$ cat model08.cif   # mmCIF, C-alpha atoms, pLDDT in the B column; chains and numbers go by the auth columns
data_structure
loop_
_atom_site.group_PDB
_atom_site.id
_atom_site.type_symbol
_atom_site.label_atom_id
_atom_site.label_comp_id
_atom_site.label_asym_id
_atom_site.label_seq_id
_atom_site.Cartn_x
_atom_site.Cartn_y
_atom_site.Cartn_z
_atom_site.B_iso_or_equiv
_atom_site.auth_seq_id
_atom_site.auth_asym_id
ATOM 1 C CA ARG A 1 33.233 40.072 -54.007 53.00 1 U
ATOM 2 C CA LEU A 2 32.106 37.168 -51.845 53.00 2 U
ATOM 3 C CA THR A 3 28.331 36.752 -51.604 55.00 3 U
ATOM 4 C CA VAL A 4 26.723 34.636 -48.867 55.00 4 U
ATOM 5 C CA ASN A 5 23.100 33.593 -49.285 57.00 5 U
ATOM 6 C CA ASP A 6 20.845 32.621 -46.395 58.00 6 U
ATOM 7 C CA ASN A 7 19.594 29.050 -46.700 57.00 7 U
ATOM 8 C CA ASN A 8 15.991 30.333 -46.653 54.00 8 U
ATOM 9 C CA SER A 9 16.696 33.066 -49.268 43.00 9 U
ATOM 10 C CA CYS A 10 16.173 35.576 -46.472 57.00 10 U
ATOM 11 C CA GLY A 11 18.574 38.366 -47.409 47.00 11 U
ATOM 12 C CA THR A 12 22.104 38.398 -48.844 48.00 12 U
ATOM 13 C CA ARG A 13 25.410 39.428 -47.264 49.00 13 U
ATOM 14 C CA SER A 14 28.400 40.531 -49.369 48.00 14 U
ATOM 15 C CA VAL A 15 31.991 41.470 -48.599 48.00 15 U
ATOM 16 C CA GLU A 16 34.819 42.735 -50.781 48.00 16 U
ATOM 17 C CA LYS A 17 38.462 41.843 -50.137 48.00 17 U
ATOM 18 C CA ALA A 18 41.598 42.000 -52.218 48.00 18 U
ATOM 19 C CA PHE A 19 41.885 38.754 -54.092 45.00 19 U
ATOM 20 C CA LEU A 20 45.242 37.804 -52.592 44.00 20 U
ATOM 21 C CA SER A 21 43.954 38.333 -49.083 49.00 21 U
ATOM 22 C CA PHE A 22 41.380 35.570 -49.479 49.00 22 U
ATOM 23 C CA ILE A 23 43.362 32.798 -47.901 52.00 23 U
ATOM 24 C CA GLY A 24 41.522 30.034 -46.090 55.00 24 U
ATOM 25 C CA ASP A 25 37.836 29.801 -45.255 55.00 25 U
ATOM 26 C CA TYR A 26 35.581 32.795 -44.929 52.00 26 U
ATOM 27 C CA THR A 27 32.939 32.794 -42.167 53.00 27 U
ATOM 28 C CA ASP A 28 30.027 35.190 -41.940 55.00 28 U
ATOM 29 C CA SER A 29 27.041 35.408 -39.583 59.00 29 U
ATOM 30 C CA ILE A 30 24.192 33.535 -41.192 67.00 30 U
ATOM 31 C CA PRO A 31 21.141 33.363 -38.901 72.00 31 U
ATOM 32 C CA ASP A 32 19.725 30.060 -37.858 80.00 32 U
ATOM 33 C CA GLU A 33 16.584 28.918 -39.574 88.00 33 U
ATOM 34 C CA ILE A 34 13.404 30.134 -37.865 93.00 34 U
ATOM 35 C CA THR A 35 11.967 27.260 -35.855 94.00 35 U
ATOM 36 C CA ILE A 36 8.909 26.937 -33.669 97.00 36 U
ATOM 37 C CA ASP A 37 10.187 25.788 -30.290 97.00 37 U
ATOM 38 C CA ASP A 38 6.928 25.264 -28.443 98.00 38 U
ATOM 39 C CA VAL A 39 3.176 25.467 -28.963 98.00 39 U
ATOM 40 C CA ASP A 40 0.932 25.417 -25.918 98.00 40 U
ATOM 41 C CA ILE A 41 -2.740 24.710 -26.623 98.00 41 U
ATOM 42 C CA THR A 42 -5.747 25.042 -24.348 98.00 42 U
ATOM 43 C CA PRO A 43 -8.865 23.316 -25.713 98.00 43 U
ATOM 44 C CA SER A 44 -12.156 25.115 -26.146 98.00 44 U
ATOM 45 C CA CYS A 45 -15.107 24.326 -23.913 98.00 45 U
ATOM 46 C CA VAL A 46 -17.756 22.422 -25.868 97.00 46 U
ATOM 47 C CA GLY A 47 -20.111 24.912 -27.517 95.00 47 U
ATOM 48 C CA GLU A 48 -17.772 27.839 -26.832 95.00 48 U
ATOM 49 C CA ASP A 49 -14.952 29.593 -28.705 97.00 49 U
ATOM 50 C CA ASN A 50 -12.502 30.004 -25.840 97.00 50 U
ATOM 51 C CA GLY A 51 -9.510 27.908 -26.851 98.00 51 U
ATOM 52 C CA SER A 52 -6.015 29.371 -26.945 98.00 52 U
ATOM 53 C CA ILE A 53 -2.669 28.883 -28.666 98.00 53 U
ATOM 54 C CA THR A 54 0.649 30.232 -27.408 98.00 54 U
ATOM 55 C CA ILE A 55 3.646 30.027 -29.758 98.00 55 U
ATOM 56 C CA SER A 56 7.338 30.527 -29.064 98.00 56 U
ATOM 57 C CA ALA A 57 9.990 30.460 -31.794 97.00 57 U
ATOM 58 C CA SER A 58 13.644 31.318 -32.371 95.00 58 U
ATOM 59 C CA GLY A 59 16.136 31.954 -35.178 91.00 59 U
ATOM 60 C CA GLY A 60 16.261 34.414 -38.023 87.00 60 U
ATOM 61 C CA TRP A 61 17.230 38.081 -37.952 86.00 61 U
ATOM 62 C CA GLY A 62 15.590 40.477 -35.522 89.00 62 U
ATOM 63 C CA GLU A 63 12.416 40.053 -33.543 93.00 63 U
ATOM 64 C CA LEU A 64 9.829 37.473 -34.448 96.00 64 U
ATOM 65 C CA ASP A 65 6.098 37.963 -34.814 97.00 65 U
ATOM 66 C CA TYR A 66 3.425 35.278 -34.895 98.00 66 U
ATOM 67 C CA PHE A 67 0.203 34.353 -36.649 98.00 67 U
ATOM 68 C CA VAL A 68 -2.465 31.682 -36.671 98.00 68 U
ATOM 69 C CA VAL A 69 -4.763 30.735 -39.541 98.00 69 U
ATOM 70 C CA TYR A 70 -8.105 29.083 -38.812 98.00 70 U
ATOM 71 C CA ASN A 71 -8.163 26.561 -41.633 98.00 71 U
ATOM 72 C CA ALA A 72 -11.952 26.298 -41.793 97.00 72 U
ATOM 73 C CA THR A 73 -12.334 29.971 -42.803 97.00 73 U
ATOM 74 C CA SER A 74 -8.743 31.056 -43.638 97.00 74 U
ATOM 75 C CA ASP A 75 -9.117 33.840 -41.055 97.00 75 U
ATOM 76 C CA THR A 76 -5.651 34.993 -39.981 98.00 76 U
ATOM 77 C CA THR A 77 -4.753 36.632 -36.681 98.00 77 U
ATOM 78 C CA TYR A 78 -1.381 38.262 -35.874 97.00 78 U
ATOM 79 C CA ASP A 79 0.262 38.881 -32.515 97.00 79 U
ATOM 80 C CA THR A 80 3.713 40.095 -31.487 96.00 80 U
ATOM 81 C CA ASN A 81 3.769 37.954 -28.351 96.00 81 U
ATOM 82 C CA GLY A 82 2.478 34.715 -29.847 98.00 82 U
ATOM 83 C CA THR A 83 -0.615 34.419 -27.655 98.00 83 U
ATOM 84 C CA PHE A 84 -4.008 33.870 -29.284 98.00 84 U
ATOM 85 C CA ASP A 85 -7.196 33.600 -27.236 98.00 85 U
ATOM 86 C CA ASN A 86 -10.905 33.028 -27.878 97.00 86 U
ATOM 87 C CA LEU A 87 -10.259 30.432 -30.568 98.00 87 U
ATOM 88 C CA ALA A 88 -12.876 28.100 -31.971 98.00 88 U
ATOM 89 C CA PRO A 89 -12.105 24.381 -31.918 98.00 89 U
ATOM 90 C CA GLY A 90 -10.596 23.072 -35.145 98.00 90 U
ATOM 91 C CA ASP A 91 -7.436 22.881 -37.244 98.00 91 U
ATOM 92 C CA TYR A 92 -4.984 25.782 -37.422 98.00 92 U
ATOM 93 C CA THR A 93 -1.800 26.724 -39.229 98.00 93 U
ATOM 94 C CA VAL A 94 0.520 28.474 -36.790 98.00 94 U
ATOM 95 C CA GLY A 95 3.614 30.401 -37.782 97.00 95 U
ATOM 96 C CA ALA A 96 6.450 32.754 -36.906 97.00 96 U
ATOM 97 C CA TYR A 97 8.065 35.342 -39.201 95.00 97 U
ATOM 98 C CA ASN A 98 10.440 38.314 -39.196 94.00 98 U
ATOM 99 C CA ASP A 99 10.846 41.585 -41.115 89.00 99 U
ATOM 100 C CA TYR A 100 12.874 39.838 -43.826 85.00 100 U
ATOM 101 C CA ASN A 101 9.916 37.736 -44.926 82.00 101 U
ATOM 102 C CA CYS A 102 11.408 34.635 -43.385 90.00 102 U
ATOM 103 C CA SER A 103 8.795 32.384 -41.810 93.00 103 U
ATOM 104 C CA THR A 104 7.970 28.896 -40.690 95.00 104 U
ATOM 105 C CA THR A 105 4.628 27.185 -40.119 97.00 105 U
ATOM 106 C CA GLN A 106 3.175 23.991 -38.727 97.00 106 U
ATOM 107 C CA SER A 107 -0.258 22.477 -38.199 98.00 107 U
ATOM 108 C CA GLU A 108 -1.989 22.350 -34.815 98.00 108 U
ATOM 109 C CA THR A 109 -5.455 21.467 -33.542 98.00 109 U
ATOM 110 C CA VAL A 110 -7.542 23.132 -30.848 98.00 110 U
ATOM 111 C CA GLY A 111 -9.626 20.386 -29.303 98.00 111 U
ATOM 112 C CA THR A 112 -12.685 20.512 -27.053 98.00 112 U
ATOM 113 C CA TYR A 113 -13.166 20.045 -23.326 98.00 113 U
ATOM 114 C CA PRO A 114 -16.423 18.576 -21.958 98.00 114 U
ATOM 115 C CA LYS A 115 -18.809 20.665 -19.914 97.00 115 U
ATOM 116 C CA PRO A 116 -19.636 19.554 -16.342 98.00 116 U
ATOM 117 C CA THR A 117 -22.628 17.400 -15.530 98.00 117 U
ATOM 118 C CA ALA A 118 -24.776 17.401 -12.398 98.00 118 U
ATOM 119 C CA ASP A 119 -26.924 14.556 -11.076 98.00 119 U
ATOM 120 C CA ALA A 120 -28.590 15.321 -7.733 98.00 120 U
ATOM 121 C CA GLY A 121 -29.670 11.702 -7.359 98.00 121 U
ATOM 122 C CA SER A 122 -33.052 10.099 -6.785 98.00 122 U
ATOM 123 C CA ASP A 123 -36.011 11.660 -4.961 98.00 123 U
ATOM 124 C CA GLU A 124 -36.184 10.420 -1.383 98.00 124 U
ATOM 125 C CA THR A 125 -38.328 10.461 1.763 97.00 125 U
ATOM 126 C CA THR A 126 -37.486 11.133 5.386 95.00 126 U
ATOM 127 C CA CYS A 127 -39.352 11.889 8.598 94.00 127 U
ATOM 128 C CA GLU A 128 -39.862 15.153 10.404 93.00 128 U
ATOM 129 C CA ASN A 129 -36.834 16.090 12.553 91.00 129 U
ATOM 130 C CA ILE A 130 -34.722 13.329 10.958 94.00 130 U
ATOM 131 C CA ASP A 131 -31.571 14.265 9.020 96.00 131 U
ATOM 132 C CA PHE A 132 -31.124 12.728 5.584 98.00 132 U
ATOM 133 C CA ASP A 133 -27.706 11.498 4.413 98.00 133 U
ATOM 134 C CA LEU A 134 -27.504 11.800 0.628 98.00 134 U
ATOM 135 C CA THR A 135 -25.132 8.832 0.522 98.00 135 U
ATOM 136 C CA ASN A 136 -28.226 6.763 1.386 97.00 136 U
ATOM 137 C CA SER A 137 -30.070 7.807 -1.787 98.00 137 U
ATOM 138 C CA SER A 138 -31.081 4.954 -4.061 97.00 138 U
ATOM 139 C CA ASP A 139 -29.219 6.780 -6.834 98.00 139 U
ATOM 140 C CA GLN A 140 -26.430 8.764 -5.211 98.00 140 U
ATOM 141 C CA PRO A 141 -25.578 12.287 -6.386 98.00 141 U
ATOM 142 C CA ASP A 142 -22.687 12.448 -8.843 98.00 142 U
ATOM 143 C CA THR A 143 -20.833 14.813 -11.207 98.00 143 U
ATOM 144 C CA THR A 144 -18.314 14.766 -14.033 98.00 144 U
ATOM 145 C CA ASN A 145 -15.714 17.373 -15.021 97.00 145 U
ATOM 146 C CA ALA A 146 -16.488 19.470 -11.954 98.00 146 U
ATOM 147 C CA SER A 147 -14.216 21.828 -10.053 98.00 147 U
ATOM 148 C CA ALA A 148 -16.747 22.635 -7.314 98.00 148 U
ATOM 149 C CA VAL A 149 -20.141 21.558 -5.964 98.00 149 U
ATOM 150 C CA THR A 150 -22.552 23.665 -3.918 98.00 150 U
ATOM 151 C CA TRP A 151 -25.902 22.540 -2.459 98.00 151 U
ATOM 152 C CA ASN A 152 -28.857 24.688 -1.426 98.00 152 U
ATOM 153 C CA ASP A 153 -32.467 23.970 -0.422 97.00 153 U
ATOM 154 C CA ASN A 154 -34.031 26.702 -2.563 95.00 154 U
ATOM 155 C CA GLY A 155 -34.637 29.021 0.370 93.00 155 U
ATOM 156 C CA ALA A 156 -36.050 26.459 2.804 93.00 156 U
ATOM 157 C CA ALA A 157 -34.944 26.624 6.418 88.00 157 U
ATOM 158 C CA GLY A 158 -32.710 23.547 6.560 95.00 158 U
ATOM 159 C CA ASP A 159 -28.926 23.221 6.601 96.00 159 U
ATOM 160 C CA PHE A 160 -26.287 20.986 5.038 98.00 160 U
ATOM 161 C CA SER A 161 -23.491 19.363 7.007 97.00 161 U
ATOM 162 C CA ASP A 162 -21.137 20.594 4.249 98.00 162 U
ATOM 163 C CA PRO A 163 -22.798 22.374 1.308 98.00 163 U
ATOM 164 C CA ASN A 164 -19.674 21.818 -0.819 98.00 164 U
ATOM 165 C CA ALA A 165 -19.549 18.053 -0.333 98.00 165 U
ATOM 166 C CA LEU A 166 -20.664 15.777 -3.137 98.00 166 U
ATOM 167 C CA ARG A 167 -23.087 13.886 -0.851 98.00 167 U
ATOM 168 C CA PRO A 168 -23.727 15.905 2.313 98.00 168 U
ATOM 169 C CA ILE A 169 -26.245 15.347 5.109 98.00 169 U
ATOM 170 C CA TYR A 170 -29.357 17.509 4.918 98.00 170 U
ATOM 171 C CA GLU A 171 -30.613 18.747 8.289 96.00 171 U
ATOM 172 C CA PRO A 172 -34.265 19.929 8.153 95.00 172 U
ATOM 173 C CA SER A 173 -35.484 22.579 10.537 92.00 173 U
ATOM 174 C CA SER A 174 -37.554 21.426 13.503 86.00 174 U
ATOM 175 C CA TRP A 175 -40.867 22.344 11.850 86.00 175 U
ATOM 176 C CA GLN A 176 -40.059 21.475 8.258 91.00 176 U
ATOM 177 C CA VAL A 177 -42.457 19.038 6.508 94.00 177 U
ATOM 178 C CA GLY A 178 -43.541 18.445 2.923 96.00 178 U
ATOM 179 C CA ASP A 179 -41.471 18.551 -0.251 97.00 179 U
ATOM 180 C CA VAL A 180 -38.087 20.299 -0.253 97.00 180 U
ATOM 181 C CA GLU A 181 -36.027 20.890 -3.377 98.00 181 U
ATOM 182 C CA LEU A 182 -32.348 20.106 -2.839 98.00 182 U
ATOM 183 C CA ILE A 183 -30.410 21.773 -5.643 98.00 183 U
ATOM 184 C CA MET A 184 -26.925 20.703 -6.729 98.00 184 U
ATOM 185 C CA VAL A 185 -24.936 23.477 -8.451 98.00 185 U
ATOM 186 C CA VAL A 186 -21.816 22.289 -10.290 98.00 186 U
ATOM 187 C CA GLN A 187 -18.972 24.486 -11.541 98.00 187 U
ATOM 188 C CA GLY A 188 -16.936 23.341 -14.545 98.00 188 U
ATOM 189 C CA GLU A 189 -13.170 23.008 -14.756 97.00 189 U
ATOM 190 C CA GLY A 190 -10.408 24.001 -17.170 95.00 190 U
ATOM 191 C CA PRO A 191 -11.716 25.998 -20.141 96.00 191 U
ATOM 192 C CA CYS A 192 -15.251 25.294 -18.886 98.00 192 U
ATOM 193 C CA ASP A 193 -14.607 26.865 -15.462 96.00 193 U
ATOM 194 C CA VAL A 194 -17.257 29.555 -15.974 95.00 194 U
ATOM 195 C CA THR A 195 -19.897 26.985 -16.926 96.00 195 U
ATOM 196 C CA GLU A 196 -22.490 26.213 -14.247 97.00 196 U
ATOM 197 C CA VAL A 197 -25.040 23.395 -14.387 98.00 197 U
ATOM 198 C CA ARG A 198 -27.774 22.406 -11.912 98.00 198 U
ATOM 199 C CA ASP A 199 -29.890 19.444 -10.993 98.00 199 U
ATOM 200 C CA THR A 200 -32.614 19.012 -8.366 98.00 200 U
ATOM 201 C CA MET A 201 -33.860 16.167 -6.203 98.00 201 U
ATOM 202 C CA THR A 202 -37.007 16.299 -4.077 98.00 202 U
ATOM 203 C CA LEU A 203 -36.847 15.277 -0.431 98.00 203 U
ATOM 204 C CA THR A 204 -40.273 14.577 1.029 97.00 204 U
ATOM 205 C CA ILE A 205 -40.385 15.138 4.781 97.00 205 U
ATOM 206 C CA ASN A 206 -43.292 13.288 6.367 95.00 206 U
ATOM 207 C CA THR A 207 -44.923 14.499 9.571 92.00 207 U
ATOM 208 C CA ALA A 208 -43.638 12.534 12.554 83.00 208 U
ATOM 209 C CA PRO A 209 -46.169 10.140 14.178 79.00 209 U
ATOM 210 C CA THR A 210 -47.869 11.113 17.433 80.00 210 U
ATOM 211 C CA ALA A 211 -49.191 8.878 20.239 84.00 211 U
ATOM 212 C CA ASP A 212 -51.815 9.653 22.920 82.00 212 U
ATOM 213 C CA ALA A 213 -52.699 6.728 25.200 88.00 213 U
ATOM 214 C CA GLY A 214 -55.769 8.547 26.465 86.00 214 U
ATOM 215 C CA SER A 215 -56.877 9.425 29.964 88.00 215 U
ATOM 216 C CA ASP A 216 -56.137 7.422 33.107 90.00 216 U
ATOM 217 C CA GLU A 217 -59.075 5.168 34.005 87.00 217 U
ATOM 218 C CA GLU A 218 -60.216 2.649 36.671 85.00 218 U
ATOM 219 C CA THR A 219 -61.796 -0.781 36.459 88.00 219 U
ATOM 220 C CA CYS A 220 -62.510 -3.718 38.772 88.00 220 U
ATOM 221 C CA GLU A 221 -60.180 -6.604 39.431 86.00 221 U
ATOM 222 C CA GLY A 222 -60.770 -9.376 36.956 86.00 222 U
ATOM 223 C CA SER A 223 -62.709 -7.127 34.603 87.00 223 U
ATOM 224 C CA SER A 224 -61.652 -6.183 31.084 90.00 224 U
ATOM 225 C CA PHE A 225 -61.509 -2.552 30.088 87.00 225 U
ATOM 226 C CA ASP A 226 -62.482 -1.188 26.712 88.00 226 U
ATOM 227 C CA LEU A 227 -60.104 1.741 25.977 86.00 227 U
ATOM 228 C CA SER A 228 -62.691 3.238 23.659 87.00 228 U
ATOM 229 C CA THR A 229 -64.711 4.058 26.754 86.00 229 U
ATOM 230 C CA SER A 230 -61.898 6.181 28.223 85.00 230 U
ATOM 231 C CA SER A 231 -62.824 9.763 29.018 86.00 231 U
ATOM 232 C CA THR A 232 -60.149 10.669 26.496 88.00 232 U
ATOM 233 C CA ALA A 233 -59.800 7.858 24.004 86.00 233 U
ATOM 234 C CA PRO A 234 -56.334 6.887 22.750 82.00 234 U
ATOM 235 C CA SER A 235 -55.312 8.439 19.464 79.00 235 U
ATOM 236 C CA ALA A 236 -52.362 8.446 17.071 74.00 236 U
#
$ encode --input "model08.cif" --output "structure tokens"
Amino acid sequence: RLTVNDNNSCGTRSVEKAFLSFIGDYTDSIPDEITIDDVDITPSCVGEDNGSITISASGGWGELDYFVVYNATSDTTYDTNGTFDNLAPGDYTVGAYNDYNCSTTQSETVGTYPKPTADAGSDETTCENIDFDLTNSSDQPDTTNASAVTWNDNGAAGDFSDPNALRPIYEPSSWQVGDVELIMVVQGEGPCDVTEVRDTMTLTINTAPTADAGSDEETCEGSSFDLSTSSTAPSA
């Protein structure tokens, strides 16, 4: 009897041949060691548990299954496809195994991804019927880790040249005066793509000046004329 042992002690194969027929080397099918070929990790959004690990492995007898262990709590999750979602950030032990109790493991870390930030910029002032370009703000609007930006004026009657631009032009309506809230809404990216943050700047629209030179009047040559004596005095 010739007995062949797997290098990982994963099962034994035996054959029987007449002694005299054993001439030369004997070769049997010993499976390759189980190895993890690739681990793809998506970090978790800060403050969330939405990281993911995807494992692929090869070797051994039969189909492989997968598991991850969250080292902080020793919680273990199994999956036949090697995909694990909704993971908290932290250190993990990831592994692959088969029905013959052969397995392999390695350490991995699910990191964190920053949430977006929104800064609508400084409060500003403009005049009635005058557009305001947000690039002219003392502190210009800005974002970090953003996939999209949308502006609105909180239901006021104005418009934006491009509401999805980082620093658009705000176009007040013809009658709009007073304080208007311009709200920047920022959408996150990557694992934080469902996160939305907002910031507001106040645009004060002053009433446009008016001028009335008063009524037409007459005076004598060489005489001065006091405009306060006009039938309709000048006003502004």
$ residues_around --input "model08.cif" --residues "segment 144-154 of chain U" --least-positions-apart "4" --cutoff "8 Å" --atoms "all atoms listed in the file" --output "PyMOL selection string"
chain U and resi 114-118+158-160+163-166+180-189+193
$ write_last_selection --input "model08.cif" --atoms "C-alpha atoms" --output "PDB file, in the coordinates of the input"
ATOM      1  CA  PRO U 114     -16.423  18.576 -21.958  1.00 98.00           C
ATOM      2  CA  LYS U 115     -18.809  20.665 -19.914  1.00 97.00           C
ATOM      3  CA  PRO U 116     -19.636  19.554 -16.342  1.00 98.00           C
ATOM      4  CA  THR U 117     -22.628  17.400 -15.530  1.00 98.00           C
ATOM      5  CA  ALA U 118     -24.776  17.401 -12.398  1.00 98.00           C
ATOM      6  CA  GLY U 158     -32.710  23.547   6.560  1.00 95.00           C
ATOM      7  CA  ASP U 159     -28.926  23.221   6.601  1.00 96.00           C
ATOM      8  CA  PHE U 160     -26.287  20.986   5.038  1.00 98.00           C
ATOM      9  CA  PRO U 163     -22.798  22.374   1.308  1.00 98.00           C
ATOM     10  CA  ASN U 164     -19.674  21.818  -0.819  1.00 98.00           C
ATOM     11  CA  ALA U 165     -19.549  18.053  -0.333  1.00 98.00           C
ATOM     12  CA  LEU U 166     -20.664  15.777  -3.137  1.00 98.00           C
ATOM     13  CA  VAL U 180     -38.087  20.299  -0.253  1.00 97.00           C
ATOM     14  CA  GLU U 181     -36.027  20.890  -3.377  1.00 98.00           C
ATOM     15  CA  LEU U 182     -32.348  20.106  -2.839  1.00 98.00           C
ATOM     16  CA  ILE U 183     -30.410  21.773  -5.643  1.00 98.00           C
ATOM     17  CA  MET U 184     -26.925  20.703  -6.729  1.00 98.00           C
ATOM     18  CA  VAL U 185     -24.936  23.477  -8.451  1.00 98.00           C
ATOM     19  CA  VAL U 186     -21.816  22.289 -10.290  1.00 98.00           C
ATOM     20  CA  GLN U 187     -18.972  24.486 -11.541  1.00 98.00           C
ATOM     21  CA  GLY U 188     -16.936  23.341 -14.545  1.00 98.00           C
ATOM     22  CA  GLU U 189     -13.170  23.008 -14.756  1.00 97.00           C
ATOM     23  CA  ASP U 193     -14.607  26.865 -15.462  1.00 96.00           C
TER      24      ASP U 193
END
$ closest_residue --input "model08.cif" --among "U:Ala57, U:Leu227, U:Ala88, U:Ala120" --to "Gln106 of chain U" --atoms "only C-alpha atoms"
U:Ala57
$ residues_around --input "model08.cif" --residues "Asp179 of chain U" --least-positions-apart "5" --cutoff "9 Å" --atoms "all atoms listed in the file" --output "JSON, numbers by chain"
{"U": [125, 202, 203, 204, 205, 206]}
$ residues_around --input "model08.cif" --residues "Thr232 of chain U" --least-positions-apart "6" --cutoff "9 Å" --atoms "all atoms listed in the file" --output "NGL selection string"
:U and (213-216)
$ write_last_selection --input "model08.cif" --atoms "C-alpha atoms" --output "mmCIF file, in the coordinates of the input"
data_model
loop_
_atom_site.group_PDB
_atom_site.id
_atom_site.type_symbol
_atom_site.label_atom_id
_atom_site.label_comp_id
_atom_site.auth_asym_id
_atom_site.auth_seq_id
_atom_site.Cartn_x
_atom_site.Cartn_y
_atom_site.Cartn_z
ATOM 1 C CA ALA U 213 -52.699 6.728 25.200
ATOM 2 C CA GLY U 214 -55.769 8.547 26.465
ATOM 3 C CA SER U 215 -56.877 9.425 29.964
ATOM 4 C CA ASP U 216 -56.137 7.422 33.107
#
$ resolve_selection --input "model08.cif" --expression "the PyMOL selection byres ((chain U and resi 35-41) around 7)" --output "list in words"
Glu33, Ile34, Thr42, Pro43, Ser52, Ile53, Thr54, Ile55, Ser56, Ala57, Ser58, Gly59, Thr104 and Val110 of chain U
$ atom_distance --input "model08.cif" --atom1 "atom CA of Glu63 of chain U" --atom2 "atom CA of Ser107 of chain U"
22.2 Å
$ residues_around --input "model08.cif" --residues "Ser44 of chain U" --least-positions-apart "3" --cutoff "7 Å" --atoms "only C-alpha atoms" --output "PDB file with C-alpha atoms, keeping the file's coordinate frame"
ATOM      1  CA  GLU U  48     -17.772  27.839 -26.832  1.00 95.00           C
ATOM      2  CA  ASP U  49     -14.952  29.593 -28.705  1.00 97.00           C
ATOM      3  CA  ASN U  50     -12.502  30.004 -25.840  1.00 97.00           C
ATOM      4  CA  GLY U  51      -9.510  27.908 -26.851  1.00 98.00           C
ATOM      5  CA  ALA U  88     -12.876  28.100 -31.971  1.00 98.00           C
ATOM      6  CA  PRO U  89     -12.105  24.381 -31.918  1.00 98.00           C
ATOM      7  CA  VAL U 110      -7.542  23.132 -30.848  1.00 98.00           C
ATOM      8  CA  GLY U 111      -9.626  20.386 -29.303  1.00 98.00           C
ATOM      9  CA  THR U 112     -12.685  20.512 -27.053  1.00 98.00           C
ATOM     10  CA  TYR U 113     -13.166  20.045 -23.326  1.00 98.00           C
ATOM     11  CA  PRO U 191     -11.716  25.998 -20.141  1.00 96.00           C
TER      12      PRO U 191
END
$ residues_around --input "model08.cif" --residues "Asp131 of chain U" --least-positions-apart "6" --cutoff "8 Å" --atoms "only C-alpha atoms" --output "list in words"
Ile169, Tyr170, Glu171 and Pro172 of chain U
$ closest_residue --input "model08.cif" --among "U:Cys45, U:Ala233, U:Tyr100, U:Gly95" --to "Gly62 of chain U" --atoms "all atoms listed in the file"
U:Tyr100
$ resolve_selection --input "model08.cif" --expression "the PyMOL selection byres ((chain U and resi 73) around 12)" --output "number ranges by chain"
U: 68-72, 74-77, 88, 90-93
$ write_last_selection --input "model08.cif" --atoms "C-alpha atoms" --output "PDB file, in the frame of the given file"
ATOM      1  CA  VAL U  68      -2.465  31.682 -36.671  1.00 98.00           C
ATOM      2  CA  VAL U  69      -4.763  30.735 -39.541  1.00 98.00           C
ATOM      3  CA  TYR U  70      -8.105  29.083 -38.812  1.00 98.00           C
ATOM      4  CA  ASN U  71      -8.163  26.561 -41.633  1.00 98.00           C
ATOM      5  CA  ALA U  72     -11.952  26.298 -41.793  1.00 97.00           C
ATOM      6  CA  SER U  74      -8.743  31.056 -43.638  1.00 97.00           C
ATOM      7  CA  ASP U  75      -9.117  33.840 -41.055  1.00 97.00           C
ATOM      8  CA  THR U  76      -5.651  34.993 -39.981  1.00 98.00           C
ATOM      9  CA  THR U  77      -4.753  36.632 -36.681  1.00 98.00           C
ATOM     10  CA  ALA U  88     -12.876  28.100 -31.971  1.00 98.00           C
ATOM     11  CA  GLY U  90     -10.596  23.072 -35.145  1.00 98.00           C
ATOM     12  CA  ASP U  91      -7.436  22.881 -37.244  1.00 98.00           C
ATOM     13  CA  TYR U  92      -4.984  25.782 -37.422  1.00 98.00           C
ATOM     14  CA  THR U  93      -1.800  26.724 -39.229  1.00 98.00           C
TER      15      THR U  93
END
$ atom_distance --input "model08.cif" --atom1 "atom CA of Ser231 of chain U" --atom2 "atom CA of Thr219 of chain U"
12.9 Å
$ resolve_selection --input "model08.cif" --expression "the PyMOL selection byres ((chain U and resi 134-138) around 6)" --output "PDB file with C-alpha atoms, in the coordinates of the input"
ATOM      1  CA  ASP U 133     -27.706  11.498   4.413  1.00 98.00           C
ATOM      2  CA  ASP U 139     -29.219   6.780  -6.834  1.00 98.00           C
ATOM      3  CA  GLN U 140     -26.430   8.764  -5.211  1.00 98.00           C
ATOM      4  CA  ARG U 167     -23.087  13.886  -0.851  1.00 98.00           C
ATOM      5  CA  PRO U 168     -23.727  15.905   2.313  1.00 98.00           C
ATOM      6  CA  ILE U 169     -26.245  15.347   5.109  1.00 98.00           C
TER       7      ILE U 169
END
$ closest_residue --input "model08.cif" --among "U:Asp99, U:Asp85, U:Asp32, U:Asp162" --to "Asp65 of chain U" --atoms "only C-alpha atoms"
U:Asp99
$ atom_distance --input "model08.cif" --atom1 "atom CA of Phe84 of chain U" --atom2 "atom CA of Val46 of chain U"
18.2 Å
$ residues_near_point --input "model08.cif" --point "(4.6, 43.3, -27.7)" --cutoff "12 Å" --atoms "all atoms listed in the file" --output "PDB file with C-alpha atoms, in the frame of the given file"
ATOM      1  CA  GLU U  63      12.416  40.053 -33.543  1.00 93.00           C
ATOM      2  CA  LEU U  64       9.829  37.473 -34.448  1.00 96.00           C
ATOM      3  CA  ASP U  65       6.098  37.963 -34.814  1.00 97.00           C
ATOM      4  CA  TYR U  66       3.425  35.278 -34.895  1.00 98.00           C
ATOM      5  CA  TYR U  78      -1.381  38.262 -35.874  1.00 97.00           C
ATOM      6  CA  ASP U  79       0.262  38.881 -32.515  1.00 97.00           C
ATOM      7  CA  THR U  80       3.713  40.095 -31.487  1.00 96.00           C
ATOM      8  CA  ASN U  81       3.769  37.954 -28.351  1.00 96.00           C
ATOM      9  CA  GLY U  82       2.478  34.715 -29.847  1.00 98.00           C
ATOM     10  CA  THR U  83      -0.615  34.419 -27.655  1.00 98.00           C
TER      11      THR U  83
END
$ closest_residue --input "model08.cif" --among "U:Pro31, U:Asp226, U:Met201, U:Thr109" --to "Ser122 of chain U" --atoms "only C-alpha atoms"
U:Met201
